[in-house]
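Note sheet for the following structure.
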Amino acid sequence: MIWIAGIVLAVLCCDQRPGDLAGGNGVHRTTVPRWVREVVGLLAARAPRLDRALKKIARMGGGIVLLDGSVIRTRCRTGKENRKNYSGKNKCHVLLVVALTDDRGRLLWISAARPGRTSEITACRHDKLTQNLRDVGLGAIADLGFVDLDDGGPDADLAVITGYKAARHRPLTRGQKLSNTALAVVRAPVEHGFAHLKNWRILGKVRIDPSWATALVQALLVLTNREVAR
């Protein structure tokens, strides 16, 4: 079992090719990919759900979480089905994930991997993020990419706090600039959370089927939190 775990970690951590590992360890070339999928499936099943992750933070007395999105590059595939993975913003084929961290940058939850053309706001609305935040009385701090995500109405408390976005004919005031700077400082730990996640070199460029990427990132979330907690 330890031998198998070592081979799987070599694939996840160092992006070793399964075929090379199979030849070096005297197993069939299809065995290593099967081991990787089985281990990833077991780990992904332990990834926290959104509602449970938020309830845990609320029980611990937390008041805010940090919200951000990131992209994972994928192999450029041909065919109509893979056109949706092309991101005009990044000029390449990617998958989008949205994650929440606590105020120290510890990853709490990560969304499903969605096609690169999906916006961060669309991904959050699909997961009913603002509703889940309000259900437990938490707020999220996010960057300008999440402006207008919170549509709870004029009388509702803000569930997602973002900075101010300048318009062409309406520059930011000094107070708004200071507010943006303060929020950027508070948001810094979420970047550290994504940095820890992307230390797994398999995420440098996902060569597997994009439909399997959700299980992969959720499994890596579990492993990342185990590593950070050591």
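The way I read the labels, and the way they are meant: chains A, B, ... in the order of the structure tokens, residue 1 as the first residue of every chain, and ligand 1 as the first ligand shown, with later ones counted on from there.
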For Ile208 (chain A), find every residue with an atom within 9 Å (counting only C-alpha atoms), except residues of its own chain fewer than 5 positions away, and show them as a short mmCIF file (atom, residue, chain, number, x, y, z; two decimals) with N, CA and C atoms, in the first residue's frame.
```
data_model
loop_
_atom_site.label_atom_id
_atom_site.label_comp_id
_atom_site.auth_asym_id
_atom_site.auth_seq_id
_atom_site.Cartn_x
_atom_site.Cartn_y
_atom_site.Cartn_z
N THR A 74 -5.12 23.44 -19.39
CA THR A 74 -5.35 22.09 -19.86
C THR A 74 -4.71 21.92 -21.24
N ARG A 75 -4.59 20.68 -21.62
CA ARG A 75 -4.07 20.39 -22.95
C ARG A 75 -5.06 20.90 -23.99
N ALA A 213 -11.29 16.53 -13.76
CA ALA A 213 -10.49 17.53 -13.05
C ALA A 213 -11.12 17.93 -11.73
#
```
*Non-local contacts of region 113-126 of chain A (6 Å; only C-alpha atoms; under 4 positions in same chain excluded) as an NGL selection string*: :A and (84-87 or 94-97 or 146 or 149 or 214)
Using only C-alpha atoms, which protein or nucleic acid residues come within 7 Å of Gly163 (chain A)? Drop anything in the same chain fewer than 3 positions from it, and give the result as a compact mmCIF listing (two decimals) with all heavy atoms, in the first residue's frame.
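Output saved as around35.txt:
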```txt
# COMPACT_ATOMS: atom_id res chain seq x y z
N ASP A 143 -12.18 40.06 -4.84
CA ASP A 143 -11.60 41.11 -5.67
C ASP A 143 -12.65 41.67 -6.62
O ASP A 143 -13.84 41.33 -6.55
CB ASP A 143 -10.37 40.59 -6.42
CG ASP A 143 -10.71 39.45 -7.39
OD1 ASP A 143 -11.90 39.26 -7.70
OD2 ASP A 143 -9.77 38.75 -7.82
N LEU A 144 -12.21 42.54 -7.53
CA LEU A 144 -13.14 43.23 -8.41
C LEU A 144 -13.82 42.30 -9.42
O LEU A 144 -14.80 42.69 -10.04
CB LEU A 144 -12.42 44.36 -9.15
CG LEU A 144 -11.85 45.48 -8.27
CD1 LEU A 144 -11.15 46.52 -9.13
CD2 LEU A 144 -12.94 46.11 -7.43
N SER A 179 -9.78 52.31 0.39
CA SER A 179 -10.59 51.12 0.69
C SER A 179 -10.12 49.93 -0.13
O SER A 179 -10.01 48.80 0.39
CB SER A 179 -12.06 51.42 0.40
OG SER A 179 -12.85 50.27 0.62
N ASN A 180 -9.83 50.15 -1.42
CA ASN A 180 -9.33 49.06 -2.27
C ASN A 180 -8.00 48.52 -1.75
O ASN A 180 -7.75 47.31 -1.75
CB ASN A 180 -9.17 49.54 -3.71
CG ASN A 180 -10.50 49.64 -4.43
OD1 ASN A 180 -11.53 49.28 -3.90
ND2 ASN A 180 -10.46 50.16 -5.65
N LEU A 183 -8.61 46.39 1.38
CA LEU A 183 -9.17 45.09 1.04
C LEU A 183 -8.12 44.17 0.40
O LEU A 183 -8.13 42.96 0.63
CB LEU A 183 -10.36 45.26 0.09
CG LEU A 183 -11.66 45.79 0.71
CD1 LEU A 183 -12.70 46.02 -0.37
CD2 LEU A 183 -12.19 44.82 1.76
```
*Once DSSP has gone over the backbone, tell me which residues of region 79-175 of chain A are in strand (DSSP E or B), as a PyMOL selection string.*
chain A and resi 86-87+92-101+107-110+114-115+139-141+160-161+167+170
Each residue of region 95-169 of chain A lying at most 10 Å from region 60-69 of chain A should get a row with its shortest atom-to-atom pair and the distance in Å to one decimal, counting only C-alpha atoms; could you produce that, ordered by chain and increasing number, as CSV?
```
residue,atom,partner,partner_atom,distance
A:Leu96,CA,A:Gly69,CA,7.0
A:Val97,CA,A:Gly69,CA,5.7
A:Val98,CA,A:Gly69,CA,4.2
A:Ala99,CA,A:Asp68,CA,5.7
A:Leu100,CA,A:Leu67,CA,4.8
A:Thr101,CA,A:Leu66,CA,5.1
A:Asp102,CA,A:Val65,CA,4.9
A:Asp103,CA,A:Val65,CA,6.2
A:Arg104,CA,A:Leu66,CA,9.3
A:Gly105,CA,A:Leu66,CA,7.9
A:Arg106,CA,A:Leu66,CA,9.7
A:Leu107,CA,A:Leu66,CA,9.4
A:Leu108,CA,A:Val65,CA,8.9
A:Trp109,CA,A:Leu67,CA,9.9
A:Ile110,CA,A:Gly69,CA,9.3
A:Ser111,CA,A:Gly69,CA,9.4
A:Ser119,CA,A:Gly69,CA,9.4
A:Glu120,CA,A:Gly69,CA,6.4
A:Ile121,CA,A:Gly69,CA,9.5
A:Ala123,CA,A:Gly69,CA,9.3
A:Cys124,CA,A:Gly69,CA,9.6
A:Leu133,CA,A:Val65,CA,9.3
A:Val136,CA,A:Gly63,CA,9.7
A:Gly137,CA,A:Gly63,CA,7.7
A:Leu138,CA,A:Gly63,CA,5.4
A:Gly139,CA,A:Ile64,CA,4.7
A:Ala140,CA,A:Val65,CA,4.8
A:Ile141,CA,A:Leu66,CA,5.0
A:Ala142,CA,A:Leu67,CA,5.0
A:Asp143,CA,A:Asp68,CA,7.1
A:Leu144,CA,A:Asp68,CA,9.9
A:Gly145,CA,A:Asp68,CA,8.6
A:Phe146,CA,A:Asp68,CA,8.4
A:Ala159,CA,A:Ile64,CA,9.3
A:Val160,CA,A:Leu67,CA,8.6
A:Ile161,CA,A:Leu67,CA,9.6
A:Thr162,CA,A:Leu67,CA,9.9
```
With N, CA, C and O atoms retained, export the selected residues as a short mmCIF file (atom, residue, chain, number, x, y, z; two decimals), in the first residue's frame.
```cif
data_model
loop_
_atom_site.label_atom_id
_atom_site.label_comp_id
_atom_site.auth_asym_id
_atom_site.auth_seq_id
_atom_site.Cartn_x
_atom_site.Cartn_y
_atom_site.Cartn_z
N LEU A 96 -11.81 26.66 -14.83
CA LEU A 96 -11.96 27.64 -13.75
C LEU A 96 -12.38 26.95 -12.47
O LEU A 96 -13.28 26.11 -12.47
N VAL A 97 -11.72 27.30 -11.37
CA VAL A 97 -12.15 26.85 -10.04
C VAL A 97 -12.27 28.08 -9.13
O VAL A 97 -11.52 29.05 -9.28
N VAL A 98 -13.21 28.03 -8.23
CA VAL A 98 -13.41 29.08 -7.23
C VAL A 98 -13.20 28.45 -5.86
O VAL A 98 -13.63 27.31 -5.62
N ALA A 99 -12.52 29.16 -4.97
CA ALA A 99 -12.18 28.60 -3.66
C ALA A 99 -12.43 29.61 -2.56
O ALA A 99 -12.43 30.83 -2.79
N LEU A 100 -12.63 29.09 -1.36
CA LEU A 100 -12.75 29.89 -0.15
C LEU A 100 -11.62 29.51 0.80
O LEU A 100 -11.28 28.33 0.93
N THR A 101 -11.05 30.51 1.46
CA THR A 101 -10.06 30.27 2.51
C THR A 101 -10.47 31.03 3.76
O THR A 101 -11.32 31.93 3.70
N ASP A 102 -9.86 30.67 4.88
CA ASP A 102 -10.07 31.46 6.08
C ASP A 102 -9.14 32.66 6.05
O ASP A 102 -8.41 32.88 5.07
N ASP A 103 -9.10 33.43 7.13
CA ASP A 103 -8.30 34.66 7.13
C ASP A 103 -6.81 34.39 7.20
O ASP A 103 -6.00 35.31 7.10
N ARG A 104 -6.41 33.12 7.36
CA ARG A 104 -5.00 32.76 7.37
C ARG A 104 -4.56 32.11 6.05
O ARG A 104 -3.40 31.73 5.90
N GLY A 105 -5.50 31.96 5.12
CA GLY A 105 -5.18 31.38 3.83
C GLY A 105 -5.35 29.88 3.76
O GLY A 105 -4.97 29.26 2.76
N ARG A 106 -5.91 29.27 4.77
CA ARG A 106 -6.14 27.82 4.74
C ARG A 106 -7.35 27.52 3.88
O ARG A 106 -8.44 28.06 4.10
N LEU A 107 -7.20 26.65 2.90
CA LEU A 107 -8.28 26.33 1.98
C LEU A 107 -9.42 25.63 2.71
O LEU A 107 -9.20 24.65 3.43
N LEU A 108 -10.62 26.14 2.52
CA LEU A 108 -11.81 25.58 3.17
C LEU A 108 -12.66 24.77 2.20
O LEU A 108 -13.22 23.74 2.57
N TRP A 109 -12.76 25.24 0.97
CA TRP A 109 -13.65 24.61 -0.01
C TRP A 109 -13.19 25.02 -1.39
O TRP A 109 -12.64 26.10 -1.59
N ILE A 110 -13.39 24.11 -2.33
CA ILE A 110 -13.08 24.42 -3.73
C ILE A 110 -14.23 23.91 -4.59
O ILE A 110 -14.81 22.86 -4.32
N SER A 111 -14.54 24.69 -5.60
CA SER A 111 -15.70 24.37 -6.45
C SER A 111 -15.35 23.30 -7.47
O SER A 111 -14.19 22.87 -7.60
N SER A 119 -17.54 32.59 -16.27
CA SER A 119 -17.08 33.69 -15.41
C SER A 119 -17.12 33.26 -13.95
O SER A 119 -17.84 32.33 -13.56
N GLU A 120 -16.35 33.95 -13.12
CA GLU A 120 -16.31 33.63 -11.69
C GLU A 120 -17.67 33.86 -11.04
O GLU A 120 -18.09 33.08 -10.17
N ILE A 121 -18.37 34.91 -11.46
CA ILE A 121 -19.68 35.19 -10.88
C ILE A 121 -20.67 34.08 -11.23
O ILE A 121 -21.44 33.62 -10.38
N ALA A 123 -19.98 30.97 -11.84
CA ALA A 123 -19.62 29.78 -11.05
C ALA A 123 -20.15 29.90 -9.63
O ALA A 123 -20.69 28.94 -9.06
N CYS A 124 -20.01 31.08 -9.03
CA CYS A 124 -20.51 31.28 -7.66
C CYS A 124 -22.02 31.18 -7.58
O CYS A 124 -22.56 30.62 -6.62
N LEU A 133 -23.68 31.72 2.36
CA LEU A 133 -23.04 32.64 3.30
C LEU A 133 -24.07 33.26 4.24
O LEU A 133 -23.85 33.36 5.45
N VAL A 136 -25.46 31.11 7.23
CA VAL A 136 -24.65 30.94 8.45
C VAL A 136 -24.16 32.28 9.00
O VAL A 136 -23.41 32.30 9.97
N GLY A 137 -24.57 33.38 8.37
CA GLY A 137 -24.19 34.69 8.88
C GLY A 137 -22.75 35.08 8.65
O GLY A 137 -22.16 35.81 9.44
N LEU A 138 -22.15 34.61 7.56
CA LEU A 138 -20.76 34.95 7.23
C LEU A 138 -20.72 35.92 6.06
O LEU A 138 -21.67 36.02 5.27
N GLY A 139 -19.60 36.61 5.92
CA GLY A 139 -19.34 37.46 4.77
C GLY A 139 -18.08 37.00 4.07
O GLY A 139 -17.22 36.35 4.66
N ALA A 140 -17.98 37.32 2.79
CA ALA A 140 -16.81 36.96 2.00
C ALA A 140 -16.18 38.22 1.43
O ALA A 140 -16.89 39.14 1.00
N ILE A 141 -14.86 38.27 1.42
CA ILE A 141 -14.13 39.37 0.82
C ILE A 141 -13.53 38.88 -0.49
O ILE A 141 -12.87 37.84 -0.52
N ALA A 142 -13.77 39.62 -1.57
CA ALA A 142 -13.34 39.18 -2.89
C ALA A 142 -12.77 40.36 -3.67
O ALA A 142 -12.85 41.52 -3.26
N ASP A 143 -12.18 40.06 -4.84
CA ASP A 143 -11.60 41.11 -5.67
C ASP A 143 -12.65 41.67 -6.62
O ASP A 143 -13.84 41.33 -6.55
N LEU A 144 -12.21 42.54 -7.53
CA LEU A 144 -13.14 43.23 -8.41
C LEU A 144 -13.82 42.30 -9.42
O LEU A 144 -14.80 42.69 -10.04
N GLY A 145 -13.30 41.10 -9.58
CA GLY A 145 -13.94 40.16 -10.48
C GLY A 145 -15.29 39.68 -9.98
O GLY A 145 -16.06 39.07 -10.74
N PHE A 146 -15.59 39.94 -8.71
CA PHE A 146 -16.84 39.48 -8.12
C PHE A 146 -17.82 40.62 -7.86
O PHE A 146 -18.79 40.45 -7.12
N ALA A 159 -23.24 40.02 1.60
CA ALA A 159 -22.60 38.73 1.83
C ALA A 159 -21.23 38.67 1.17
O ALA A 159 -20.36 37.92 1.61
N VAL A 160 -21.03 39.44 0.10
CA VAL A 160 -19.75 39.48 -0.61
C VAL A 160 -19.29 40.93 -0.70
O VAL A 160 -19.99 41.78 -1.26
N ILE A 161 -18.14 41.21 -0.12
CA ILE A 161 -17.59 42.56 -0.08
C ILE A 161 -16.47 42.67 -1.11
O ILE A 161 -15.52 41.88 -1.09
N THR A 162 -16.60 43.63 -2.00
CA THR A 162 -15.56 43.86 -3.01
C THR A 162 -15.13 45.32 -2.96
O THR A 162 -15.73 46.14 -2.27
#
```
*For Gln16 (chain A), please output as a PyMOL selection string all residues within 12 Å (counting only C-alpha atoms; exclusion window: fewer than 5 positions along the same chain).*
chain A and resi 6-11+21-22+24+32-33+36+200-204+207
*Contacts of Leu216 (chain A) at 7 Å or less, counting only C-alpha atoms, minus same-chain residues fewer than 4 places along, as number ranges by chain?*
A: 40, 212, 220
Would you save the residues from that selection as a PDB file, in the first residue's frame, using N, CA, C and O atoms?
```pdb
ATOM      1  N   VAL A  40      -7.382   9.172  -6.026  1.00  0.00           N
ATOM      2  CA  VAL A  40      -7.986  10.497  -6.164  1.00  0.00           C
ATOM      3  C   VAL A  40      -9.471  10.454  -5.824  1.00  0.00           C
ATOM      4  O   VAL A  40     -10.004  11.348  -5.151  1.00  0.00           O
ATOM      5  N   TRP A 212     -12.691  14.918 -15.373  1.00  0.00           N
ATOM      6  CA  TRP A 212     -12.151  14.293 -14.162  1.00  0.00           C
ATOM      7  C   TRP A 212     -11.416  15.305 -13.297  1.00  0.00           C
ATOM      8  O   TRP A 212     -11.008  14.988 -12.174  1.00  0.00           O
ATOM      9  N   LEU A 220      -6.646  17.138  -4.204  1.00  0.00           N
ATOM     10  CA  LEU A 220      -5.467  17.933  -3.874  1.00  0.00           C
ATOM     11  C   LEU A 220      -5.758  18.922  -2.743  1.00  0.00           C
ATOM     12  O   LEU A 220      -4.861  19.279  -1.981  1.00  0.00           O
TER      13      LEU A 220
END
```
*For each of A:Thr30, A:Leu158, A:Cys92, A:Pro189, take the minimum atom-to-atom distance to Thr130 (chain A), counting only C-alpha atoms, then give the residue where this is smallest.*
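Using only C-alpha atoms, Thr130 (chain A) sits closest to A:Leu158.
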*asked:* What's the separation between CA of Val39 (chain A) and CA of Gln218 (chain A), in Å to one decimal place?
replied: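 Straight-line distance from CA of Val39 (chain A) to CA of Gln218 (chain A) works out to 11.8 Å.
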*Which of A:Ile57, A:Ile4, A:Pro48, A:Arg134 sits closest to Arg34 (chain A) [using only C-alpha atoms]*: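 Under the stated criterion, the closest residue is A:Ile4.
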*Where in region 26-216 of chain A does DSSP assign alpha helix (DSSP H), given as a PyMOL selection string?*
chain A and resi 31-44+50-59+120-126+129-136+174-197+213-216
